[in-house]
Structures are given as C-alpha cells and as structure tokens.
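For reference, start_15.txt is printed below; it contains compact mmCIF, C-alpha atoms and all ligand atoms.
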# COMPACT_ATOMS: atom_id res chain seq x y z
CA MET A 14 -3.74 2.60 -38.40
CA THR A 15 -5.69 -0.22 -36.70
CA LEU A 16 -5.82 -1.63 -33.19
CA ASN A 17 -3.72 -4.58 -34.40
CA ASP A 18 -0.97 -2.19 -35.50
CA LEU A 19 -0.87 -1.03 -31.88
CA GLY A 20 -0.49 -4.59 -30.55
CA TRP A 21 -4.13 -5.61 -30.08
CA ASN A 22 -4.68 -9.37 -30.30
CA PRO A 23 -7.43 -12.00 -29.82
CA ARG A 24 -6.63 -12.36 -26.11
CA PHE A 25 -7.21 -8.66 -25.49
CA GLU A 26 -10.30 -8.80 -27.70
CA ALA A 27 -11.77 -11.67 -25.64
CA GLU A 28 -11.04 -9.87 -22.38
CA PHE A 29 -12.70 -6.74 -23.71
CA ALA A 30 -16.12 -8.34 -24.36
CA ASP A 31 -17.71 -6.88 -21.19
CA CYS A 32 -16.17 -3.49 -21.85
CA TYR A 33 -17.76 -3.32 -25.31
CA SER A 34 -21.16 -3.96 -23.78
CA ASN A 35 -20.57 -0.94 -21.50
CA GLY A 36 -19.93 1.16 -24.58
CA TRP A 37 -16.23 1.57 -23.71
CA GLU A 38 -13.45 1.84 -26.28
CA PRO A 39 -10.02 0.19 -26.25
CA ALA A 40 -6.92 2.41 -26.23
CA ARG A 41 -3.23 2.02 -25.46
CA LEU A 42 -1.43 4.29 -23.01
CA ILE A 43 1.51 6.11 -24.56
CA ARG A 44 2.45 8.62 -21.85
CA ASP A 45 2.15 8.95 -18.11
CA ASN A 46 1.67 12.62 -17.22
CA LYS A 47 1.28 11.81 -13.50
CA ILE A 48 -2.19 13.37 -13.17
CA SER A 49 -3.39 12.25 -16.58
CA TYR A 50 -2.32 9.90 -19.34
CA GLY A 51 -1.76 10.14 -23.07
CA ALA A 52 -3.59 7.43 -24.98
CA ILE A 53 -3.78 6.34 -28.60
CA LEU A 54 -6.97 5.05 -30.21
CA GLY A 55 -7.28 2.45 -32.94
CA ASP A 56 -7.47 5.12 -35.65
CA GLY A 57 -4.19 6.67 -34.46
CA THR A 58 -5.76 9.66 -32.66
CA GLU A 59 -3.92 10.72 -29.51
CA ILE A 60 -6.01 12.01 -26.61
CA GLU A 61 -5.55 12.96 -22.98
CA VAL A 62 -7.38 10.75 -20.51
CA ALA A 63 -8.06 10.75 -16.79
CA LEU A 64 -7.84 7.80 -14.41
CA GLY A 65 -11.23 6.57 -13.22
CA GLY A 66 -11.81 6.36 -9.47
CA ALA A 67 -12.61 2.65 -9.45
CA VAL A 68 -9.39 1.73 -11.28
CA TYR A 69 -7.43 3.83 -8.82
CA HIS A 70 -9.10 2.37 -5.73
CA GLU A 71 -8.95 -1.22 -6.92
CA ALA A 72 -5.18 -1.01 -7.48
CA GLU A 73 -3.60 -2.51 -4.38
CA THR A 74 -0.10 -1.39 -5.33
CA ASP A 75 1.41 1.26 -7.58
CA ALA A 76 2.40 -1.47 -10.00
CA ALA A 77 -1.28 -2.31 -10.53
CA LEU A 78 -2.02 1.23 -11.74
CA PRO A 79 -2.05 1.76 -15.51
CA SER A 80 1.39 2.24 -17.05
CA VAL A 81 2.78 3.17 -20.42
CA GLY A 82 2.08 0.26 -22.77
CA ASP A 83 -1.08 -0.85 -20.98
CA TRP A 84 -4.35 -1.48 -22.80
CA VAL A 85 -7.28 0.25 -21.15
CA ALA A 86 -11.04 0.64 -21.57
CA LEU A 87 -12.08 4.25 -22.10
CA GLU A 88 -15.41 5.86 -21.47
CA MET A 89 -15.45 8.68 -23.98
CA GLY A 90 -16.42 12.02 -22.49
CA ASP A 91 -18.71 14.73 -23.74
CA GLU A 92 -17.12 17.68 -25.43
CA GLY A 93 -16.19 20.44 -23.07
CA ASN A 94 -14.88 18.14 -20.35
CA GLU A 95 -11.36 18.71 -19.08
CA TYR A 96 -10.31 15.25 -20.25
CA GLU A 97 -11.51 13.61 -23.40
CA ALA A 98 -12.07 10.24 -21.76
CA VAL A 99 -11.84 8.33 -18.49
CA ILE A 100 -10.05 5.01 -17.91
CA ARG A 101 -12.63 2.52 -16.63
CA ALA A 102 -10.53 -0.66 -16.70
CA ARG A 103 -7.02 -1.92 -17.35
CA LEU A 104 -6.57 -5.15 -19.28
CA GLU A 105 -4.38 -7.96 -17.99
CA ARG A 106 -0.73 -7.43 -19.01
CA GLN A 107 0.54 -10.08 -21.40
CA THR A 108 4.14 -9.19 -20.60
CA CYS A 109 5.48 -6.73 -18.06
CA LEU A 110 8.91 -5.21 -17.70
CA SER A 111 9.46 -4.22 -14.08
CA ARG A 112 12.12 -3.73 -11.47
CA LYS A 113 12.10 -3.13 -7.75
CA ALA A 114 11.48 0.55 -7.05
CA PRO A 115 14.76 2.33 -6.17
CA GLY A 116 15.62 2.67 -2.51
CA LYS A 117 14.67 0.58 0.46
CA GLY A 118 11.05 -0.03 -0.51
CA THR A 119 9.66 -3.38 -1.51
CA GLU A 120 7.44 -2.14 -4.27
CA GLU A 121 7.46 -3.34 -7.83
CA GLN A 122 7.91 -0.57 -10.37
CA VAL A 123 6.60 -1.11 -13.86
CA ILE A 124 8.92 0.14 -16.60
CA ALA A 125 6.54 -0.71 -19.43
CA ALA A 126 3.66 -3.09 -20.08
CA ASN A 127 3.02 -5.40 -23.03
CA VAL A 128 6.55 -5.18 -24.40
CA ASP A 129 7.72 -7.77 -26.95
CA VAL A 130 11.40 -6.87 -27.27
CA VAL A 131 13.74 -4.98 -24.95
CA PHE A 132 16.75 -3.18 -26.37
CA VAL A 133 19.26 -2.80 -23.56
CA VAL A 134 21.54 -0.03 -24.73
CA THR A 135 25.13 0.15 -23.51
CA ASP A 136 28.54 0.65 -25.10
CA ALA A 137 31.70 -1.42 -25.40
CA ALA A 138 33.61 0.03 -22.46
CA LEU A 139 32.69 3.22 -20.64
CA ASP A 140 29.18 2.17 -19.67
CA PHE A 141 29.71 -1.57 -20.05
CA ASN A 142 29.41 -3.57 -16.86
CA ALA A 143 28.95 -7.33 -16.98
CA ARG A 144 27.45 -7.47 -13.50
CA ARG A 145 24.85 -4.87 -14.38
CA MET A 146 24.06 -6.77 -17.58
CA GLU A 147 23.41 -9.87 -15.49
CA ARG A 148 20.85 -7.86 -13.54
CA TYR A 149 19.20 -6.72 -16.75
CA PHE A 150 19.05 -10.33 -17.94
CA ALA A 151 17.41 -11.40 -14.68
CA VAL A 152 14.85 -8.59 -15.00
CA MET A 153 14.11 -9.48 -18.61
CA GLN A 154 13.84 -13.19 -18.00
CA ARG A 155 10.89 -12.47 -15.77
CA SER A 156 9.29 -9.94 -18.12
CA GLY A 157 8.41 -12.34 -20.91
CA ALA A 158 10.04 -10.02 -23.47
CA ARG A 159 12.93 -10.94 -25.75
CA ALA A 160 16.30 -9.40 -24.88
CA VAL A 161 18.58 -7.66 -27.38
CA VAL A 162 21.73 -5.81 -26.30
CA LEU A 163 22.91 -2.86 -28.35
CA LEU A 164 26.58 -1.98 -28.10
CA ASN A 165 26.10 1.64 -29.18
CA LYS A 166 28.66 4.38 -29.92
CA SER A 167 30.65 1.88 -31.99
CA ASP A 168 32.26 4.90 -33.71
CA GLN A 169 34.10 5.57 -30.44
CA TYR A 170 35.62 2.16 -29.77
CA PRO A 171 38.16 -0.07 -31.50
CA ASP A 172 36.76 -3.22 -32.99
CA GLU A 173 38.67 -5.44 -30.53
CA ALA A 174 36.94 -3.77 -27.56
CA ILE A 175 33.54 -4.21 -29.21
CA GLN A 176 34.14 -7.87 -30.02
CA ALA A 177 35.39 -8.52 -26.46
CA ALA A 178 32.25 -6.94 -25.01
CA LYS A 179 30.09 -8.99 -27.37
CA ALA A 180 31.86 -12.22 -26.37
CA GLN A 181 31.35 -11.37 -22.69
CA LEU A 182 27.62 -10.83 -23.26
CA LEU A 183 27.24 -14.12 -25.09
CA ALA A 184 29.09 -15.91 -22.29
CA LEU A 185 26.60 -14.48 -19.79
CA ASN A 186 23.56 -15.27 -21.90
CA PRO A 187 23.98 -17.40 -25.04
CA ASP A 188 20.37 -16.69 -26.11
CA VAL A 189 20.76 -12.92 -26.32
CA ASP A 190 21.04 -11.03 -29.63
CA VAL A 191 23.90 -8.52 -29.68
CA CYS A 192 23.79 -5.63 -32.16
CA ILE A 193 26.62 -3.18 -32.77
CA THR A 194 25.33 0.30 -33.54
CA SER A 195 26.25 3.94 -33.83
CA ALA A 196 23.58 6.61 -33.66
CA LEU A 197 26.23 9.07 -34.87
CA ASP A 198 27.01 7.51 -38.27
CA SER A 199 23.88 5.26 -38.21
CA SER A 200 25.90 2.09 -38.80
CA GLY A 201 24.11 -1.03 -37.59
CA VAL A 202 20.81 0.84 -37.30
CA ASP A 203 19.33 -0.89 -40.37
CA ALA A 204 19.80 -4.26 -38.68
CA LEU A 205 17.50 -3.03 -35.89
CA ARG A 206 14.65 -2.39 -38.29
CA GLY A 207 14.05 -6.14 -38.47
CA TYR A 208 12.69 -6.00 -34.92
CA LEU A 209 10.22 -3.28 -35.86
CA GLN A 210 7.22 -5.39 -36.81
CA PRO A 211 3.60 -4.23 -37.05
CA GLY A 212 1.94 -4.67 -33.66
CA LYS A 213 5.24 -5.32 -31.85
CA THR A 214 6.50 -3.10 -29.06
CA ILE A 215 10.16 -2.45 -28.34
CA ALA A 216 11.31 -0.76 -25.12
CA LEU A 217 14.75 0.84 -24.89
CA ILE A 218 16.43 0.84 -21.51
CA GLY A 219 19.94 1.60 -20.25
CA SER A 220 21.99 4.21 -18.42
CA SER A 221 21.52 7.92 -19.08
CA GLY A 222 23.51 9.16 -22.07
CA VAL A 223 24.08 5.82 -23.81
CA GLY A 224 22.05 6.99 -26.83
CA LYS A 225 18.53 5.56 -26.44
CA SER A 226 16.75 8.68 -27.74
CA SER A 227 19.38 9.18 -30.48
CA LEU A 228 18.82 5.61 -31.72
CA ILE A 229 15.05 6.15 -31.78
CA ASN A 230 15.54 9.35 -33.78
CA GLN A 231 17.66 7.35 -36.24
CA LEU A 232 15.03 4.63 -36.47
CA ILE A 233 12.17 7.00 -37.14
CA GLY A 234 14.29 9.12 -39.44
CA GLN A 235 13.52 12.37 -37.64
CA ASP A 236 14.77 14.33 -34.70
CA TRP A 237 11.64 13.54 -32.79
CA LEU A 238 13.01 13.19 -29.29
CA TRP A 239 15.32 15.47 -27.41
CA THR A 240 18.80 14.07 -27.04
CA GLY A 241 21.45 15.37 -24.72
CA GLU A 242 24.93 16.68 -25.16
CA VAL A 243 26.78 15.09 -22.30
CA ASN A 244 28.00 17.70 -19.86
CA GLY A 245 31.80 17.44 -19.59
CA VAL A 246 31.80 18.11 -15.87
CA THR A 247 28.87 16.14 -14.50
CA GLY A 248 28.92 13.50 -17.24
CA LYS A 249 25.15 13.85 -17.44
CA GLY A 250 23.11 14.48 -20.54
CA MET A 251 21.58 17.92 -20.63
CA HIS A 252 18.47 16.99 -22.56
CA THR A 253 18.00 13.83 -20.71
CA THR A 254 14.68 12.04 -21.17
CA THR A 255 12.44 12.55 -18.15
CA ALA A 256 9.29 10.59 -19.00
CA ARG A 257 8.69 7.38 -20.81
CA GLU A 258 6.86 7.60 -24.05
CA LEU A 259 5.49 5.15 -26.60
CA LEU A 260 5.84 6.11 -30.25
CA ALA A 261 3.73 4.29 -32.84
CA LEU A 262 5.55 4.31 -36.18
CA ARG A 263 3.55 4.89 -39.31
CA ARG A 264 5.42 2.16 -41.16
CA GLY A 265 4.81 -0.35 -38.35
CA GLY A 266 6.12 -1.18 -34.89
CA MET A 267 6.28 0.78 -31.66
CA LEU A 268 9.19 2.14 -29.63
CA ILE A 269 9.17 3.11 -25.96
CA ASP A 270 11.82 5.62 -24.88
CA ASN A 271 12.71 5.50 -21.21
CA PRO A 272 14.64 7.81 -18.91
CA GLY A 273 18.10 6.49 -18.02
CA ILE A 274 18.14 3.84 -15.34
CA ARG A 275 20.53 4.51 -12.50
CA GLU A 276 20.11 1.35 -10.47
CA VAL A 277 18.82 -1.91 -11.81
CA GLN A 278 17.22 -3.38 -8.77
CA VAL A 279 16.12 -6.86 -9.40
CA TRP A 280 12.42 -7.54 -9.20
CA THR A 281 12.28 -11.24 -9.62
CA ASP A 282 11.90 -14.41 -7.65
CA ALA A 283 14.27 -17.18 -6.72
CA LYS A 284 13.01 -19.44 -9.48
CA THR A 285 13.71 -16.92 -12.25
CA LEU A 286 17.05 -16.07 -10.72
CA LYS A 287 17.98 -19.72 -10.90
CA GLU A 288 16.97 -19.84 -14.54
CA SER A 289 19.31 -16.99 -15.40
CA PHE A 290 22.12 -18.87 -13.69
CA LYS A 291 21.39 -22.29 -15.18
CA ASP A 292 25.06 -23.18 -15.74
CA PHE A 293 25.73 -22.40 -12.11
CA ASP A 294 23.01 -24.82 -11.04
CA GLU A 295 24.42 -27.59 -13.18
CA ILE A 296 27.81 -27.27 -11.51
CA ALA A 297 26.25 -26.96 -8.05
CA SER A 298 24.39 -30.23 -8.55
CA GLN A 299 27.79 -31.93 -8.50
CA CYS A 300 28.65 -30.63 -5.02
CA LYS A 301 29.23 -33.46 -2.56
CA PHE A 302 26.47 -32.32 -0.20
CA HIS A 303 23.09 -31.39 -1.61
CA ASP A 304 22.73 -28.52 0.87
CA CYS A 305 26.23 -27.21 0.09
CA LYS A 306 26.51 -23.48 0.89
CA HIS A 307 29.47 -23.19 -1.52
CA GLY A 308 31.42 -21.58 1.30
CA SER A 309 34.09 -23.73 2.86
CA ASP A 310 32.10 -26.95 2.43
CA LYS A 311 34.06 -30.06 1.48
CA GLY A 312 33.68 -31.38 -2.07
CA CYS A 313 32.21 -28.13 -3.38
CA ALA A 314 31.98 -28.30 -7.19
CA ILE A 315 31.54 -24.51 -7.48
CA HIS A 316 34.88 -23.88 -5.81
CA ALA A 317 36.52 -26.55 -7.93
CA ALA A 318 35.12 -24.91 -11.09
CA ILE A 319 36.37 -21.47 -10.03
CA GLU A 320 39.82 -22.93 -9.30
CA ALA A 321 39.81 -24.69 -12.67
CA GLY A 322 38.80 -21.45 -14.39
CA THR A 323 35.57 -22.87 -15.86
CA LEU A 324 33.36 -20.66 -13.71
CA CYS A 325 33.94 -16.93 -13.40
CA ARG A 326 34.51 -15.88 -9.78
CA GLU A 327 32.81 -12.48 -10.27
CA ARG A 328 29.76 -14.21 -11.67
CA PHE A 329 29.57 -16.41 -8.60
CA ILE A 330 29.90 -13.39 -6.31
CA ASN A 331 27.20 -11.58 -8.27
CA TYR A 332 24.91 -14.57 -7.91
CA LEU A 333 25.43 -14.52 -4.15
CA LYS A 334 24.72 -10.77 -4.07
CA LEU A 335 21.53 -11.16 -6.08
CA ASP A 336 20.47 -14.07 -3.93
CA PHE A 337 21.11 -11.98 -0.81
CA GLU A 338 19.17 -9.01 -2.23
CA LEU A 339 16.22 -11.25 -3.00
CA ALA A 340 16.29 -12.75 0.48
CA GLN A 341 16.34 -9.25 1.98
CA LEU A 342 13.53 -8.11 -0.28
CA SER A 343 11.31 -11.00 0.70
CA GLN A 344 12.12 -10.35 4.36
CA ARG A 345 11.16 -6.69 4.01
CA GLN A 346 7.96 -7.71 2.25
CA LYS A 347 7.07 -10.11 5.05
CA LYS A 348 7.81 -7.45 7.63
CA ARG A 349 5.59 -5.00 5.80
CA GLN A 350 2.75 -7.47 5.61
CA LEU A 351 3.17 -8.12 9.31
CA THR A 352 3.03 -4.45 10.24
CA VAL A 353 0.05 -3.92 7.97
CA SER A 354 -1.89 -6.76 9.51
CA ARG A 355 -0.81 -5.68 12.99
CA ARG A 356 -1.99 -2.17 12.30
CA SER A 357 -5.38 -3.29 11.08
CA ARG A 358 -5.76 -5.59 14.08
CA ARG A 359 -4.90 -2.67 16.36
CA GLU A 360 -7.45 -0.49 14.57
CA LEU A 361 -10.07 -3.19 14.92
CA LYS A 362 -9.23 -3.57 18.58
CA SER A 363 -9.53 0.13 19.29
CA LYS A 364 -12.80 0.27 17.37
CA GLY A 365 -13.96 -2.68 19.46
CA GLU A 366 -12.95 -0.92 22.68
CA LYS A 367 -14.81 2.23 21.67
CA TYR A 368 -17.84 0.13 20.89
CA SER A 369 -17.79 -1.70 24.20
CA ASP A 370 -17.22 1.60 26.07
CA LYS A 371 -20.33 3.03 24.46
CA HIS A 372 -22.12 -0.18 25.17
CA LYS A 373 -21.12 -0.11 28.84
CA ARG A 374 -22.15 3.53 29.15
CA ARG A 375 -25.48 2.75 27.58
CA GLN A 376 -26.00 -0.19 29.92
CA SER A 377 -25.13 1.83 32.98
CA ARG A 378 -27.69 4.43 32.03
CA PRO A 379 -30.74 4.31 34.26
N1 LIG B 401 29.72 9.30 -30.70
C1 LIG B 401 28.46 8.92 -30.49
N2 LIG B 401 27.65 9.68 -29.72
C2 LIG B 401 26.39 9.27 -29.51
C3 LIG B 401 25.89 8.06 -30.04
N3 LIG B 401 24.62 7.90 -29.63
C4 LIG B 401 24.32 8.97 -28.87
N4 LIG B 401 25.39 9.79 -28.79
C5 LIG B 401 25.47 11.07 -28.05
O1 LIG B 401 25.31 10.78 -26.66
C6 LIG B 401 24.58 11.83 -26.02
C7 LIG B 401 23.39 11.25 -25.26
O2 LIG B 401 22.49 10.66 -26.18
P1 LIG B 401 20.94 10.45 -25.84
O3 LIG B 401 20.34 9.80 -27.03
O4 LIG B 401 20.32 11.68 -25.32
O5 LIG B 401 21.05 9.39 -24.64
P2 LIG B 401 19.87 8.73 -23.82
O6 LIG B 401 20.24 7.30 -23.62
O7 LIG B 401 18.56 9.00 -24.45
O8 LIG B 401 19.98 9.46 -22.42
P3 LIG B 401 18.82 9.71 -21.30
O9 LIG B 401 17.63 10.28 -22.01
O10 LIG B 401 19.44 10.64 -20.33
O11 LIG B 401 18.53 8.38 -20.67
C8 LIG B 401 24.20 12.79 -27.11
O12 LIG B 401 25.14 13.84 -27.12
C9 LIG B 401 24.32 11.99 -28.39
O13 LIG B 401 24.62 12.79 -29.51
C10 LIG B 401 26.78 7.28 -30.87
O14 LIG B 401 26.45 6.20 -31.38
N5 LIG B 401 28.04 7.75 -31.04
MG MG B 402 16.87 9.95 -23.79
ZN ZN B 403 29.08 -26.25 -3.33
Please express what this file holds, its structure, as structure tokens.
Amino acid sequence: MTLNDLGWNPRFEAEFADCYSNGWEPARLIRDNKISYGAILGDGTEIEVALGGAVYHEAETDAALPSVGDWVALEMGDEGNEYEAVIRARLERQTCLSRKAPGKGTEEQVIAANVDVVFVVTDAALDFNARRMERYFAVMQRSGARAVVLLNKSDQYPDEAIQAAKAQLLALNPDVDVCITSALDSSGVDALRGYLQPGKTIALIGSSGVGKSSLINQLIGQDWLWTGEVNGVTGKGMHTTTARELLALRRGGMLIDNPGIREVQVWTDAKTLKESFKDFDEIASQCKFHDCKHGSDKGCAIHAAIEAGTLCRERFINYLKLDFELAQLSQRQKKRQLTVSRRSRRELKSKGEKYSDKHKRRQSRP
C-alpha cells in the first residue's frame, strides 16, 4: 500500500513540504475515538494517535478539528508512550461533506473529509422520501463530492416501485447516478465496484437500517462490520453503527461507513441552494416582477407553472422551507457573533474598570 492508494495527491504533497522539514509523517484519519484517533500510514499500518495541543487550540470551531478522512501531519512518538504519535497539523480539505449539527445550534458538523463519491443509501418506498433526498442533494452539491443514490433492498420491492423511485430521483437531479442494489442477494453490488478506484474515497450515508454496513460487507466480501437485525417493535437496528470508520481496501479504494442520519440539516449557503434548484430559478426569471415573492404576486410564473403541472408543488414548498431554514440559520449565526463580541467587549470593559480602580487607588495613596 502507498500514500497514493490512500488518496494522497500532488496538492497534499506540496502543502506538506514544511511538515517534512519538521520530520513529521503524513497519515490519514480512519476513526474518531473522541479522545484519540485511528490513523493509517502510507505502508498500511494502523496506529492510535493523540491530538496535539496547537491543533486543538487553533481550531476555532468543532468543524475545524480533524475528522475521519482528514490528512494530518504526525510527530511519531517514542516507544512506551501512551499514543504512538501526535497530530501536529491538519491539511486543507480538498472536499468536505458536512451538515448543520442537529438541534438549534449553528455549528457545521463534518461527516467526512476528502470524499470523492457519496453513496446515499435508501430504498424504493419505506425509507424513500423525495424531500429528504433534495436535502441530501443540497448537502452534496456543496461538498464537492459526486452523488450516487442506491435504492437498496431491491429484493423487497416490486420492479414498478423501484423504477418509479428512480424516475423521481432523476427528476429531482438529472446528474445523479441511481443504482439498484440488494445486500441480501448481492444483486447490483458488482455495478458499485466501478466506483471503487485506487485512491478514491466513498462515503455511505442514509437513515439507520437502510443497509449501509451490509453493502460494505458485500463489497469487501467479508462480514467486517456489524449489521443490525431491525427490531420489530422500535424499527431500529440492533447492531447499529455508532462511529464512522474508513476502510482501505486491499484491492483499491476506500469506504467510509457512517452511523444512520436522523435529520439532514442543510449546511449550505443561498448560492448553492439556488444551484440545486436551477429549474426553479429559470421559471422564476419569467415572473412579471423581478422581486416577486411567489406568494400572491401578479404575473407569477412559479404559480403558473404549478397550475400547469410543470413544476411540482411539493418541490416549491420544500424550496421555501429550505430557504427559510437558511435564513434562520444565518440569523442565529449573526446573533451568536453579536453576543460573542458583546461578551468580549464587556470583559474588556470590566478589565478596564478594574485597572482604573487600581490606578485611582494607587494615585490616592500618599
Ligand atoms: N431484505 C434485505 N435486507 C437488507 C438489505 N440490506 C440490509 N438489510 C438488512 O437490514 C438490516 C440493517 O442493515 P445494516 O447494514 O445494519 O444497516 P445500516 O444502514 O448500516 O444501519 P445503521 O448502522 O444503523 O445506520 C439488517 O438486518 C440487514 O440484514 C437488503 O438489500 N435486503
Ligand atoms: Mg451500519
Ligand atoms: Zn413569482
């Protein structure tokens, strides 16, 4: 195994020049153990590494901390240390798959770094949700990775249902690849092998229980990962994946297994959102007024298209929802910045008061 097999390229090599002169070694992070990380070296050795203080302190947000898929510079430790090496730097991400952290926060959460292809796993009916897929597409558009949707569990659905789901996906995003698979009878799995190229990283995402770990087991030809029997009562997998993990395949390519995603919160900006709704923009440009709110405005082309059946009403509503979420997110971010700067001003002020108090006292001394 070489660094290139793990995704190393001339851009990383150029960025690493200074690190080499420090005697550091490149490695890719394959597991996040919360207090330590798993890393893989160019020769394929896996080691446990600790996060260096400087990298931790320089990270302004959680998203800036090293994540699975990141390339890092390691200072190798002496034998007998608790960790075999320490992370001294994280290289710039060439692509980054992230979403907004769940809940009311405004933080970006990194799913995986330096990913080339994302397999979004769903099925033809039970898990399938066109609105959720739109969110995935928005997330992926921003990531820089190529999107492939897997309609898994094809053994459980009639062909008509599968073809209908596929047609719906292509209507939402004509550029997406759709693959029909079954991890049970391994049909369609061979077609996925084409994406497994030396040095290329594939991340699998999707709801819990859709078969991400089962598909990976099929692809690597071993029961490597735990997969879950779905509990009949709770509907949840019992051996559900709890941590993301990067697997480097001996015959080339890498796969990242992820825990099931419950909510796909969009971490994107208005520009990217617009790109994922290009067709919508084209229609909107024909509205009579350029600042049309597509509400009850006169001469609204969006409404005309919905009436004529050329634009899907649900898609329009979803766009408005996403737009609203983004507006709220940016408002919360602004508010946070405001409170942070207010707080630091207050701290400065109180420091200043303390200083002038001391000063006064000193002056009043005889
Ligand atoms: N019938 C059928 N069952 C499948 C298929 N793929 C997976 N399963 C079953 O679905 C259940 C969940 O599969 P997993 O591979 O654990 O799902 P997962 O997406 O990794 O789930 P999380 O780790 O919780 O995110 C297991 O019981 C699998 O055997 C398939 O193609 N057909
Ligand atoms: Mg799993
Ligand atoms: Zn309009």
Subject >> Within 12 Å of file point (27.2, -14.0, -25.0), counting all atoms listed in the file, expressed as number ranges by chain >> reply: A: 143, 146-147, 150, 160-162, 176-192
**OP:** Find the residue from A:Ile218, A:Ala52, A:Cys325, A:Ile100 that sits nearest to ligand LIG 401 (chain B); use all atoms listed in the file when measuring.
**Re:**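 Comparing A:Ile218, A:Ala52, A:Cys325, A:Ile100 against ligand LIG 401 (chain B), the winner is A:Ile218.
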**OP:** Excluding Gly219 in chain A and residues on its chain fewer than 2 positions from it, collect all residues at most 10 Å away from it, counting only C-alpha atoms, and give them as an MDAnalysis selection string.
**Re:** chainID A and resid 132:136 140 146 149 162:163 217 221:225 271:277
Could you pull out the residues sitting within 8 Å of ligand ZN 403 (chain B), using all atoms listed in the file, and write them as a CSV table (one decimal) with C-alpha atoms, keeping the file's coordinate frame?
chain,number,residue,atom,x,y,z
A,297,ALA,CA,26.2,-27.0,-8.0
A,299,GLN,CA,27.8,-31.9,-8.5
A,300,CYS,CA,28.6,-30.6,-5.0
A,301,LYS,CA,29.2,-33.5,-2.6
A,302,PHE,CA,26.5,-32.3,-0.2
A,304,ASP,CA,22.7,-28.5,0.9
A,305,CYS,CA,26.2,-27.2,0.1
A,306,LYS,CA,26.5,-23.5,0.9
A,307,HIS,CA,29.5,-23.2,-1.5
A,308,GLY,CA,31.4,-21.6,1.3
A,310,ASP,CA,32.1,-27.0,2.4
A,311,LYS,CA,34.1,-30.1,1.5
A,312,GLY,CA,33.7,-31.4,-2.1
A,313,CYS,CA,32.2,-28.1,-3.4
A,314,ALA,CA,32.0,-28.3,-7.2
A,315,ILE,CA,31.5,-24.5,-7.5
A,316,HIS,CA,34.9,-23.9,-5.8
Subject >> Polymer residues at most 7 Å from Ala158 in chain A, only C-alpha atoms, same-chain spacing of 2 or more positions, as a list of chain:residue names >> reply: A:Thr108, A:Val128, A:Asp129, A:Val130, A:Val131, A:Met153, A:Ser156, A:Ala160
Original post:
For ligand MG 402 (chain B), which residue out of A:Ile296, A:Leu333, A:Val68, A:Leu228 is the nearest one, using all atoms listed in the file?
Top reply: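 Nearest candidate to ligand MG 402 (chain B) out of A:Ile296, A:Leu333, A:Val68, A:Leu228: A:Leu228.
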Subject >> Distance query Phe25 in chain A at most 10 Å, all atoms listed in the file, self and fewer than 2 positions along chain excluded, as a ChimeraX atom specification >> reply: /A:20-23,27-30,39,84-85,104-107
Go ahead and write the residues just picked, C-alpha atoms, as a tab-separated table (two decimals), in the coordinates of the input.
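Produced file out_36.tsv, reproduced below:
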chain	number	residue	atom	x	y	z
A	20	GLY	CA	-0.49	-4.59	-30.55
A	21	TRP	CA	-4.13	-5.61	-30.08
A	22	ASN	CA	-4.68	-9.37	-30.30
A	23	PRO	CA	-7.43	-12.00	-29.82
A	27	ALA	CA	-11.77	-11.67	-25.64
A	28	GLU	CA	-11.04	-9.87	-22.38
A	29	PHE	CA	-12.70	-6.74	-23.71
A	30	ALA	CA	-16.12	-8.34	-24.36
A	39	PRO	CA	-10.02	0.19	-26.25
A	84	TRP	CA	-4.35	-1.48	-22.80
A	85	VAL	CA	-7.28	0.25	-21.15
A	104	LEU	CA	-6.57	-5.15	-19.28
A	105	GLU	CA	-4.38	-7.96	-17.99
A	106	ARG	CA	-0.73	-7.43	-19.01
A	107	GLN	CA	0.54	-10.08	-21.40
**OP:** Tell me, as a PyMOL selection string, which residues lie within 12 Å of Ser49 in chain A, counting all atoms listed in the file; anything in the same chain fewer than 5 positions away does not count.
**Re:** chain A and resi 42-44+60-65+79-81+95-100
File dump, residues just selected, C-alpha atoms, as a short mmCIF file (atom, residue, chain, number, x, y, z; two decimals), in the frame of the given file:
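File written: again.cif
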data_model
loop_
_atom_site.label_atom_id
_atom_site.label_comp_id
_atom_site.auth_asym_id
_atom_site.auth_seq_id
_atom_site.Cartn_x
_atom_site.Cartn_y
_atom_site.Cartn_z
CA LEU A 42 -1.43 4.29 -23.01
CA ILE A 43 1.51 6.11 -24.56
CA ARG A 44 2.45 8.62 -21.85
CA ILE A 60 -6.01 12.01 -26.61
CA GLU A 61 -5.55 12.96 -22.98
CA VAL A 62 -7.38 10.75 -20.51
CA ALA A 63 -8.06 10.75 -16.79
CA LEU A 64 -7.84 7.80 -14.41
CA GLY A 65 -11.23 6.57 -13.22
CA PRO A 79 -2.05 1.76 -15.51
CA SER A 80 1.39 2.24 -17.05
CA VAL A 81 2.78 3.17 -20.42
CA GLU A 95 -11.36 18.71 -19.08
CA TYR A 96 -10.31 15.25 -20.25
CA GLU A 97 -11.51 13.61 -23.40
CA ALA A 98 -12.07 10.24 -21.76
CA VAL A 99 -11.84 8.33 -18.49
CA ILE A 100 -10.05 5.01 -17.91
#
Original post:
Pick from A:Gly66, A:Gly322, A:Gly55, A:Gly82: nearest to Arg257 in chain A, with all atoms listed in the file counted?
Top reply: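 Of A:Gly66, A:Gly322, A:Gly55, A:Gly82, the one nearest Arg257 in chain A is A:Gly82, counting all atoms listed in the file.
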**OP:** Determine the nearest neighbour of Lys213 in chain A from the options A:Lys166, A:Lys47, A:Arg148, A:Arg159, counting only C-alpha atoms.
**Re:**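 Selected residue with least distance to Lys213 in chain A: A:Arg159.
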Draw an axis-aligned box over all listed atoms of range 319-333 of chain A, pad each side with 8 Å, and write its centre and edge lengths in Å, one decimal, as lines of an AutoDock Vina configuration file.
center_x = 32.4
center_y = -18.1
center_z = -10.0
size_x = 30.9
size_y = 29.1
size_z = 27.7
**OP:** For CA of Leu259 in chain A and atom O11 of ligand LIG 401 (chain B), determine how far apart the two atoms are, in Å to one decimal place.
**Re:** 14.7 Å
Original post:
In Å, with one decimal, what is the gap from CA of Ile175 in chain A to CA of Ser200 in chain A?
Top reply: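 Computing the Euclidean distance for CA of Ile175 in chain A and CA of Ser200 in chain A yields 13.8 Å.
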Original post:
What is the CA of Glu295 in chain A to CA of Phe141 in chain A distance in Å?
Top reply: 27.4 Å
Original post:
For ligand LIG 401 (chain B), which residue out of A:Gln231, A:Thr58, A:Asn35, A:Asn331 is the nearest one, using only C-alpha atoms and all ligand atoms?
Top reply: A:Gln231
Original post:
From the set A:Ala318, A:Leu260, A:Ser226, A:Ile215, which residue has the shortest atom-to-atom contact distance to ligand MG 402 (chain B), counting only C-alpha atoms and all ligand atoms?
Top reply: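 Once distances to ligand MG 402 (chain B) are computed over only C-alpha atoms and all ligand atoms, the minimum belongs to A:Ser226.
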**OP:** Extract, using all atoms listed in the file, all DNA, RNA and protein residues at most 8 Å from Gly57 in chain A, discarding same-chain residues fewer than 3 positions from it, and format them as a list in words.
**Re:**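 Those residues are Met14, Thr15, Ile53 and Leu54 of chain A.
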